[in-house]
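Novice: The structure file start_4.txt (compact mmCIF, C-alpha atoms) is provided below.
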```
# COMPACT_ATOMS: atom_id res chain seq x y z
CA MET N 27 149.20 181.80 113.28
CA THR N 28 149.89 179.01 115.74
CA ASN N 29 147.92 176.19 114.17
CA ILE N 30 149.39 172.73 113.76
CA SER N 31 149.77 172.70 109.98
CA PHE N 32 151.35 176.14 109.80
CA TRP N 33 154.32 175.13 111.93
CA ARG N 34 154.34 171.44 110.88
CA MET N 35 153.91 170.30 114.49
CA ASP N 36 152.19 167.21 113.02
CA LYS N 37 155.53 166.10 111.61
CA ALA N 38 157.38 166.83 114.89
CA LEU N 39 154.76 164.76 116.74
CA ALA N 40 155.26 161.86 114.34
CA LEU N 41 159.00 161.96 115.07
CA ALA N 42 158.28 162.02 118.82
CA LYS N 43 155.98 159.01 118.45
CA HIS N 44 158.70 157.12 116.62
CA ALA N 45 161.17 157.98 119.41
CA ALA N 46 158.75 156.57 122.01
CA ILE N 47 158.48 153.30 120.09
CA LYS N 48 162.27 153.07 120.30
CA GLY N 49 162.20 153.63 124.07
CA GLU N 50 163.22 157.29 124.00
CA VAL N 51 161.48 160.17 125.75
CA PRO N 52 159.14 161.25 122.94
CA VAL N 53 160.46 164.55 121.60
CA GLY N 54 160.66 165.44 117.93
CA ALA N 55 162.16 168.52 116.31
CA LEU N 56 162.27 170.17 112.89
CA ILE N 57 164.10 173.07 111.34
CA LEU N 58 161.99 175.07 108.90
CA SER N 59 163.49 177.37 106.31
CA LYS N 60 162.28 180.93 105.77
CA ASN N 61 159.46 179.65 103.51
CA ARG N 62 158.60 176.90 106.00
CA GLN N 63 160.14 173.98 104.16
CA ILE N 64 161.50 171.22 106.43
CA ILE N 65 165.29 171.28 106.01
CA ALA N 66 166.15 169.03 108.98
CA GLN N 67 164.36 166.72 111.38
CA ALA N 68 165.38 164.62 114.38
CA GLU N 69 164.05 162.77 117.40
CA ASN N 70 165.60 162.11 120.79
CA GLN N 71 168.51 159.68 120.54
CA MET N 72 169.81 159.68 124.13
CA VAL N 73 169.20 156.00 124.84
CA ARG N 74 170.19 154.69 121.42
CA SER N 75 173.39 156.74 121.16
CA CYS N 76 174.24 156.46 124.87
CA ASN N 77 174.54 160.26 124.89
CA PRO N 78 172.43 162.38 127.27
CA ALA N 79 173.10 165.43 125.09
CA ALA N 80 171.57 163.83 121.97
CA HIS N 81 168.34 165.81 122.27
CA ALA N 82 166.14 166.13 119.19
CA GLU N 83 166.75 169.90 118.98
CA ILE N 84 170.56 169.64 119.04
CA LEU N 85 170.51 166.95 116.36
CA ALA N 86 168.09 168.89 114.15
CA LEU N 87 170.16 172.10 114.47
CA GLN N 88 173.34 170.23 113.50
CA LYS N 89 171.64 168.61 110.52
CA ALA N 90 170.30 171.98 109.34
CA GLY N 91 173.75 173.56 109.65
CA GLN N 92 175.25 170.74 107.62
CA TYR N 93 172.46 170.93 105.03
CA LEU N 94 172.87 174.66 104.52
CA GLY N 95 176.65 174.57 104.93
CA GLN N 96 176.53 177.45 107.36
CA THR N 97 176.67 178.05 111.09
CA ARG N 98 173.95 180.69 111.27
CA LEU N 99 170.42 179.48 110.61
CA VAL N 100 169.18 182.95 109.75
CA GLY N 101 165.49 182.99 108.84
CA CYS N 102 164.98 179.48 110.23
CA THR N 103 162.52 178.19 112.82
CA LEU N 104 163.15 175.42 115.35
CA VAL N 105 159.89 173.51 115.89
CA VAL N 106 159.86 171.05 118.79
CA THR N 107 157.19 169.16 120.71
CA LEU N 108 158.52 170.13 124.17
CA GLU N 109 159.89 173.39 125.59
CA PRO N 110 163.67 173.13 125.03
CA CYS N 111 165.95 172.57 128.02
CA PRO N 112 168.63 175.20 128.75
CA MET N 113 171.22 173.26 126.71
CA CYS N 114 169.02 173.19 123.59
CA ALA N 115 167.79 176.76 124.01
CA ALA N 116 171.40 177.97 124.26
CA ALA N 117 172.36 175.85 121.23
CA ALA N 118 169.54 177.50 119.25
CA MET N 119 171.04 180.83 120.33
CA HIS N 120 174.47 179.80 119.04
CA TYR N 121 172.85 178.82 115.73
CA ARG N 122 170.96 182.15 115.62
CA VAL N 123 167.57 180.70 114.70
CA ASP N 124 164.94 183.36 114.08
CA ARG N 125 162.18 181.60 115.96
CA ILE N 126 161.51 178.76 118.40
CA VAL N 127 158.07 177.13 118.29
CA PHE N 128 157.30 174.50 120.91
CA GLY N 129 154.38 172.36 121.99
CA ALA N 130 154.20 171.42 125.67
CA TYR N 131 155.52 173.74 128.36
CA ASP N 132 158.04 172.06 130.69
CA PRO N 133 158.05 173.58 134.20
CA LYS N 134 160.59 170.99 135.40
CA GLY N 135 163.15 170.88 132.59
CA GLY N 136 162.36 173.81 130.30
CA GLY N 137 164.90 176.58 129.86
CA ILE N 138 162.94 179.26 127.99
CA GLU N 139 159.82 180.02 130.02
CA HIS N 140 161.13 178.28 133.15
CA GLY N 141 164.34 177.84 135.14
CA ALA N 142 167.36 179.37 133.44
CA ARG N 143 165.16 181.38 131.00
CA ILE N 144 168.04 181.50 128.54
CA PHE N 145 166.85 184.49 126.52
CA SER N 146 165.89 186.69 129.47
CA HIS N 147 169.45 187.74 130.39
CA ARG N 148 171.31 190.72 129.04
CA GLN N 149 174.15 188.31 128.19
CA SER N 150 171.91 186.60 125.64
CA LEU N 151 173.54 187.32 122.30
CA HIS N 152 170.39 186.67 120.37
CA HIS N 153 166.66 186.90 120.98
CA PRO N 154 164.59 184.63 118.77
CA GLU N 155 160.82 184.95 118.62
CA ILE N 156 159.27 182.42 121.01
CA ILE N 157 155.91 180.76 120.35
CA GLY N 158 154.95 178.21 123.01
CA GLY N 159 151.89 176.01 123.42
CA VAL N 160 151.39 175.03 119.78
CA GLN N 161 149.32 171.83 119.76
CA GLU N 162 150.09 171.78 123.48
CA GLN N 163 147.59 169.14 124.64
CA CYS N 164 148.62 166.66 121.98
CA CYS N 165 152.33 167.08 122.80
CA GLN N 166 151.66 166.86 126.53
CA ARG N 167 149.49 163.76 126.16
CA MET N 168 152.23 161.92 124.30
CA LEU N 169 154.74 162.58 127.10
CA LYS N 170 152.27 161.68 129.84
CA THR N 171 151.34 158.41 128.14
CA PHE N 172 155.02 157.54 127.76
CA PHE N 173 155.93 158.20 131.40
CA LEU N 174 152.80 156.45 132.67
CA ALA N 175 153.74 153.31 130.71
CA LEU N 176 157.33 153.59 131.99
CA ARG N 177 156.18 153.81 135.61
CA LYS N 178 153.86 150.81 135.12
CA GLN N 179 156.73 148.83 133.64
CA HIS N 180 159.01 149.74 136.55
CA SER N 181 156.42 148.85 139.18
CA LYS N 182 155.94 145.49 137.41
CA PHE N 183 159.65 144.80 137.88
CA LEU N 184 159.45 145.73 141.55
CA THR N 185 156.47 143.49 142.38
CA MET J 666 193.58 172.61 145.97
CA THR J 667 193.21 174.82 142.91
CA ASN J 668 196.76 174.72 141.58
CA ILE J 669 197.45 174.09 137.90
CA SER J 670 198.96 170.60 138.15
CA PHE J 671 196.24 169.27 140.46
CA TRP J 672 193.48 169.88 137.93
CA ARG J 673 195.68 169.43 134.81
CA MET J 674 194.85 172.92 133.58
CA ASP J 675 198.26 172.81 131.85
CA LYS J 676 196.90 170.17 129.47
CA ALA J 677 193.66 172.10 128.88
CA LEU J 678 195.73 175.21 128.05
CA ALA J 679 197.84 173.23 125.56
CA LEU J 680 194.62 172.12 123.82
CA ALA J 681 193.40 175.73 123.77
CA LYS J 682 196.68 176.87 122.23
CA HIS J 683 196.37 174.24 119.51
CA ALA J 684 192.82 175.41 118.80
CA ALA J 685 194.07 179.00 118.38
CA ILE J 686 196.70 177.86 115.86
CA LYS J 687 193.85 176.30 113.87
CA GLY J 688 191.89 179.57 113.93
CA GLU J 689 189.46 178.57 116.69
CA VAL J 690 188.61 180.55 119.81
CA PRO J 691 191.17 179.04 122.20
CA VAL J 692 189.27 176.84 124.61
CA GLY J 693 190.43 173.40 125.77
CA ALA J 694 188.62 170.89 127.97
CA LEU J 695 189.35 167.65 129.77
CA ILE J 696 187.37 165.06 131.64
CA LEU J 697 189.16 163.66 134.67
CA SER J 698 188.16 160.39 136.30
CA LYS J 699 187.68 160.04 140.05
CA ASN J 700 191.44 159.52 140.50
CA ARG J 701 192.20 162.45 138.19
CA GLN J 702 193.26 160.50 135.14
CA ILE J 703 192.46 162.21 131.82
CA ILE J 704 189.78 160.08 130.16
CA ALA J 705 188.80 162.57 127.44
CA GLN J 706 190.09 165.79 125.95
CA ALA J 707 188.91 168.20 123.28
CA GLU J 708 189.35 171.69 121.92
CA ASN J 709 186.92 174.04 120.20
CA GLN J 710 185.98 172.78 116.74
CA MET J 711 183.32 175.31 115.71
CA VAL J 712 185.15 176.69 112.68
CA ARG J 713 186.61 173.39 111.48
CA SER J 714 183.39 171.43 111.82
CA CYS J 715 181.13 174.32 110.74
CA ASN J 716 179.15 173.72 113.92
CA PRO J 717 178.63 176.51 116.47
CA ALA J 718 177.73 173.90 119.09
CA ALA J 719 181.08 172.08 118.78
CA HIS J 720 182.44 173.59 121.99
CA ALA J 721 185.40 171.88 123.67
CA GLU J 722 183.28 170.94 126.71
CA ILE J 723 180.50 169.25 124.70
CA LEU J 724 183.04 167.26 122.69
CA ALA J 725 184.99 166.21 125.80
CA LEU J 726 181.79 165.12 127.59
CA GLN J 727 180.72 163.04 124.59
CA LYS J 728 184.14 161.41 124.33
CA ALA J 729 184.15 160.57 128.04
CA GLY J 730 180.66 159.04 127.78
CA GLN J 731 181.79 156.93 124.84
CA TYR J 732 185.00 155.94 126.61
CA LEU J 733 183.19 154.81 129.77
CA GLY J 734 180.20 153.43 127.86
CA GLN J 735 177.82 155.25 130.16
CA THR J 736 175.70 158.38 130.18
CA ARG J 737 176.43 159.46 133.74
CA LEU J 738 179.96 160.67 134.41
CA VAL J 739 179.68 160.07 138.13
CA GLY J 740 182.86 160.99 139.99
CA CYS J 741 184.24 162.87 136.98
CA THR J 742 185.46 166.45 136.68
CA LEU J 743 185.10 168.73 133.68
CA VAL J 744 188.19 170.96 133.45
CA VAL J 745 188.00 173.83 130.96
CA THR J 746 190.00 176.98 130.30
CA LEU J 747 186.93 179.27 130.12
CA GLU J 748 183.73 179.46 132.16
CA PRO J 749 181.26 177.24 130.26
CA CYS J 750 178.42 178.88 128.32
CA PRO J 751 174.83 177.94 129.30
CA MET J 752 174.75 175.20 126.65
CA CYS J 753 177.88 173.50 127.97
CA ALA J 754 176.96 173.98 131.63
CA ALA J 755 173.56 172.37 130.98
CA ALA J 756 175.23 169.55 129.03
CA ALA J 757 177.51 168.90 132.04
CA MET J 758 174.33 168.74 134.12
CA HIS J 759 172.83 166.14 131.77
CA TYR J 760 176.06 164.13 132.08
CA ARG J 761 175.96 164.47 135.89
CA VAL J 762 179.63 165.43 136.31
CA ASP J 763 180.66 165.77 139.95
CA ARG J 764 182.68 168.92 139.47
CA ILE J 765 183.35 171.73 137.00
CA VAL J 766 186.76 173.45 137.19
CA PHE J 767 187.33 176.42 134.90
CA GLY J 768 190.04 179.01 134.29
CA ALA J 769 188.89 182.42 133.08
CA TYR J 770 185.55 183.87 134.17
CA ASP J 771 183.36 184.97 131.25
CA PRO J 772 181.02 187.83 132.15
CA LYS J 773 179.73 188.02 128.54
CA GLY J 774 179.16 184.40 127.60
CA GLY J 775 179.47 182.40 130.82
CA GLY J 776 176.49 180.48 132.11
CA ILE J 777 177.58 179.40 135.59
CA GLU J 778 178.64 182.53 137.47
CA HIS J 779 177.00 184.89 134.96
CA GLY J 780 173.85 185.20 132.86
CA ALA J 781 171.68 182.10 132.99
CA ARG J 782 173.52 180.74 136.08
CA ILE J 783 172.45 177.24 135.13
CA PHE J 784 172.90 175.63 138.55
CA SER J 785 171.21 178.39 140.56
CA HIS J 786 167.63 177.42 139.71
CA ARG J 787 165.47 175.00 141.62
CA GLN J 788 164.82 173.25 138.29
CA SER J 789 168.51 172.26 138.12
CA LEU J 790 168.51 168.47 138.40
CA HIS J 791 172.08 168.33 139.54
CA HIS J 792 174.50 170.57 141.42
CA PRO J 793 178.16 169.88 140.66
CA GLU J 794 180.90 171.47 142.73
CA ILE J 795 182.14 174.60 140.94
CA ILE J 796 185.74 175.80 141.13
CA GLY J 797 186.41 178.89 139.01
CA GLY J 798 189.54 180.96 138.45
CA VAL J 799 192.08 178.12 138.26
CA GLN J 800 195.12 179.47 136.42
CA GLU J 801 192.85 182.39 135.57
CA GLN J 802 195.40 184.91 134.27
CA CYS J 803 197.02 182.40 131.94
CA CYS J 804 193.64 181.35 130.49
CA GLN J 805 192.50 184.96 130.15
CA ARG J 806 195.75 186.03 128.49
CA MET J 807 195.41 183.35 125.83
CA LEU J 808 191.92 184.56 124.91
CA LYS J 809 192.90 188.24 124.94
CA THR J 810 195.93 187.60 122.70
CA PHE J 811 193.75 185.65 120.26
CA PHE J 812 191.06 188.32 119.99
CA LEU J 813 193.62 191.14 119.74
CA ALA J 814 195.29 189.37 116.82
CA LEU J 815 191.88 188.78 115.22
CA ARG J 816 190.95 192.46 115.51
CA LYS J 817 194.31 193.50 114.02
CA GLN J 818 193.79 191.11 111.12
CA HIS J 819 190.27 192.49 110.48
CA SER J 820 191.42 196.11 110.62
CA LYS J 821 194.16 195.22 108.12
CA PHE J 822 191.48 193.99 105.70
CA LEU J 823 189.48 197.18 106.17
CA THR J 824 192.37 199.61 105.48
```
For this file, produce the structure as C-alpha cells.
Specialist:
Amino acid sequence: MTNISFWRMDKALALAKHAAIKGEVPVGALILSKNRQIIAQAENQMVRSCNPAAHAEILALQKAGQYLGQTRLVGCTLVVTLEPCPMCAAAAMHYRVDRIVFGAYDPKGGGIEHGARIFSHRQSLHHPEIIGGVQEQCCQRMLKTFFLALRKQHSKFLT
Amino acid sequence: MTNISFWRMDKALALAKHAAIKGEVPVGALILSKNRQIIAQAENQMVRSCNPAAHAEILALQKAGQYLGQTRLVGCTLVVTLEPCPMCAAAAMHYRVDRIVFGAYDPKGGGIEHGARIFSHRQSLHHPEIIGGVQEQCCQRMLKTFFLALRKQHSKFLT
C-alpha cells in the first residue's frame, strides 16, 4: 500500500513545487490522521523565515499539534517528499507519530536510513513505522531540477 | 576554560530553575556571541506551548537567528544545562554554531555523546567544538530534584 494516492504524496509534491517557486528547497509535508485525512500541511520556509530549522516536517508537526490540541500525534502519519533529516526525524519521535512515509531517499542529509539513523538506537523512545521510496522518482526529479537550475543561476553570476 | 562564569552556565541554570517553577523539565539555554555576550536565551516551553519540540535550545537558536538577522550563527556558542537531544543537536548543526557547551550528560535522551551521536557521522555537514560536563553536578541535581518531586506528586495521586 505505497501508492501515491493512498498516502497523498500528490499533495505533498504540490506543496514542494510551491516552495520551489518561492526559492525554497522543494520539500512538502503533510500530517494524516488515523483515517488518512490531512490535518496539517507545510512546505520548507527556511529562506522566507530566515530560519534554517523551518523545515516542512517541523512546521507540519507543529500545526498538527495545534490543530489537535495535543502533543502526541498518536495514530498520525507524517508524509514528506524527502527523507527527513535527523532534526525532523527526532521531532517526529518527540511528537510520537505512528508512521513516517517519505519519497526520495537522502544519502547526504537523511537521518532515518542514513547518517544518524535516529530510530536505530536503543535510546530511541519511539519507533514509528517507516515507509520510504513512495513516488520516489517524482520526488527526486523535483529536487534535481531545482538544484540544477540553482547551479545554472550561480554559474551565470560567476561568468 | 570550562568554569561556570566563563560560559555563563549560571544564567542557563537560572533559566532552567524558572522553567521548573512553571512545571517544565528544567533546561535553560543561551547563545553567546563571539565575545561571549548573551544574544539569546530560552527555557523549555513544551508544556506551556503544548509543543514537544519547544526545547530551550531550539528556541534560543531561533531567537539568536532573529536577533542577528542571519541563518548562520558563525562564531556563536550554544550553552545549555543538559546534553542536547538529537533534534536540538541537529538544529545547532543547521545553524552552524561554532561550539556547544552543555552541563549534564544525558545517557537516555542525549544525541551528542550518546545515541544518535549527531556529529559522529560523515554525513554531518558541520562539526562544532563540544564541551560537556560544565557545572555538571549542579545541572544534574536540578533535573534529579525535579523528577523526584514529580514522582512523589504522581504517587500521591495514586494512593
Novice: Could you tell me which of J:Pro772, J:Ala756, J:His792, J:Asp763 comes closest to His81 (chain N) if we count only C-alpha atoms?
Specialist: J:Ala756
Novice: Quick one: which residues from chain N are at most 8 Å off chain J, using all atoms listed in the file, as a PyMOL selection string?
Specialist: chain N and resi 76-79+88+91-92+95-97+112-117+120-121+133-135+141-144+147-150
Novice: Restricting the calculation to all atoms listed in the file: of J:Arg713, J:Ala705, J:Ile796, J:Pro749, which residue gets closest to Leu733 (chain J)?
Specialist: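 Result for the nearest residue to Leu733 (chain J): J:Ala705.
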Novice: I'd like the contact shell of Leu724 (chain J) - 8 Å cut-off, all atoms listed in the file, skipping same-chain residues fewer than 5 positions apart - returned as a VMD selection string.
Specialist: chain J and resid 706 to 708 719
Novice: Fewer than 4 positions away in the same chain doesn't count, so skip those; otherwise give me all residues within 9 Å of Lys37 (chain N), counting all atoms listed in the file, as a ChimeraX atom specification.
Specialist: /N:31,41-42,54-56,67
Novice: Rank N:Ile65, N:Tyr93, N:Lys60, N:Leu39 by their smallest atom-to-atom distance to Gln166 (chain N), using all atoms listed in the file, and report the top residue only.
Specialist: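 Going through N:Ile65, N:Tyr93, N:Lys60, N:Leu39 one by one, the smallest distance to Gln166 (chain N) is for N:Leu39.
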Novice: Please provide as a list of chain:residue names all residues within 6 Å of region 101-104 of chain N, with the sequence filter that same-chain residues fewer than 2 positions apart are discarded (counting all atoms listed in the file).
Specialist: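 My list of contacting residues is N:Leu56, N:Ile57, N:Leu58, N:Ser59, N:Lys60, N:Leu99, N:Val123, N:Asp124, N:Arg125, N:Ile126.
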Novice: Could you list, as a ChimeraX atom specification, every residue within 9 Å of region 160-162 of chain N, counting all atoms listed in the file and ignoring same-chain residues fewer than 4 positions away?
Specialist: /N:28-30,33,35-36,107-108,127-131,166-167
Novice: Between N:Ala82, N:Val105, N:Val51, N:Val100, which is the closest to Gly158 (chain N) once you count all atoms listed in the file?
Specialist: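 Of N:Ala82, N:Val105, N:Val51, N:Val100, the one nearest Gly158 (chain N) is N:Val105, counting all atoms listed in the file.
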Novice: To one decimal place in Å, what is the distance between CA of Glu689 (chain J) and CA of Phe812 (chain J)?
Specialist: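 About the pair CA of Glu689 (chain J) and CA of Phe812 (chain J): they are 10.4 Å apart.
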Novice: Could you jot down the CA of Met168 (chain N) to CA of Val106 (chain N) separation for me, Å, one decimal place?
Specialist: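 Computing it gives 13.1 Å between the two atoms.
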Novice: Please, what is the axis-aligned box for every listed atom of region 119-136 of chain N with 4 Å on each side, as centre and edge lengths in Å to one decimal, as lines of an AutoDock Vina configuration file?
Specialist:
```
center_x = 164.3
center_y = 177.1
center_z = 124.7
size_x = 28.3
size_y = 20.5
size_z = 29.3
```
Novice: From the list J:Gly688, J:Asp771, J:Phe671, J:Ile777, which residue is nearest Ala814 (chain J) when using all atoms listed in the file?
Specialist: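 So, comparing all the options, the nearest one is J:Gly688.
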Novice: Could you please determine the separation between CA of Leu174 (chain N) and CA of Ala40 (chain N) in Å, to one decimal place?
Specialist: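 Separation between CA of Leu174 (chain N) and CA of Ala40 (chain N): 19.3 Å.
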Novice: Find the residue from J:Glu748, J:Phe811, J:Arg816, J:Ala729 that sits nearest to His683 (chain J); use only C-alpha atoms when measuring.
Specialist: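 Of the candidates, the smallest distance to His683 (chain J) is held by J:Phe811.
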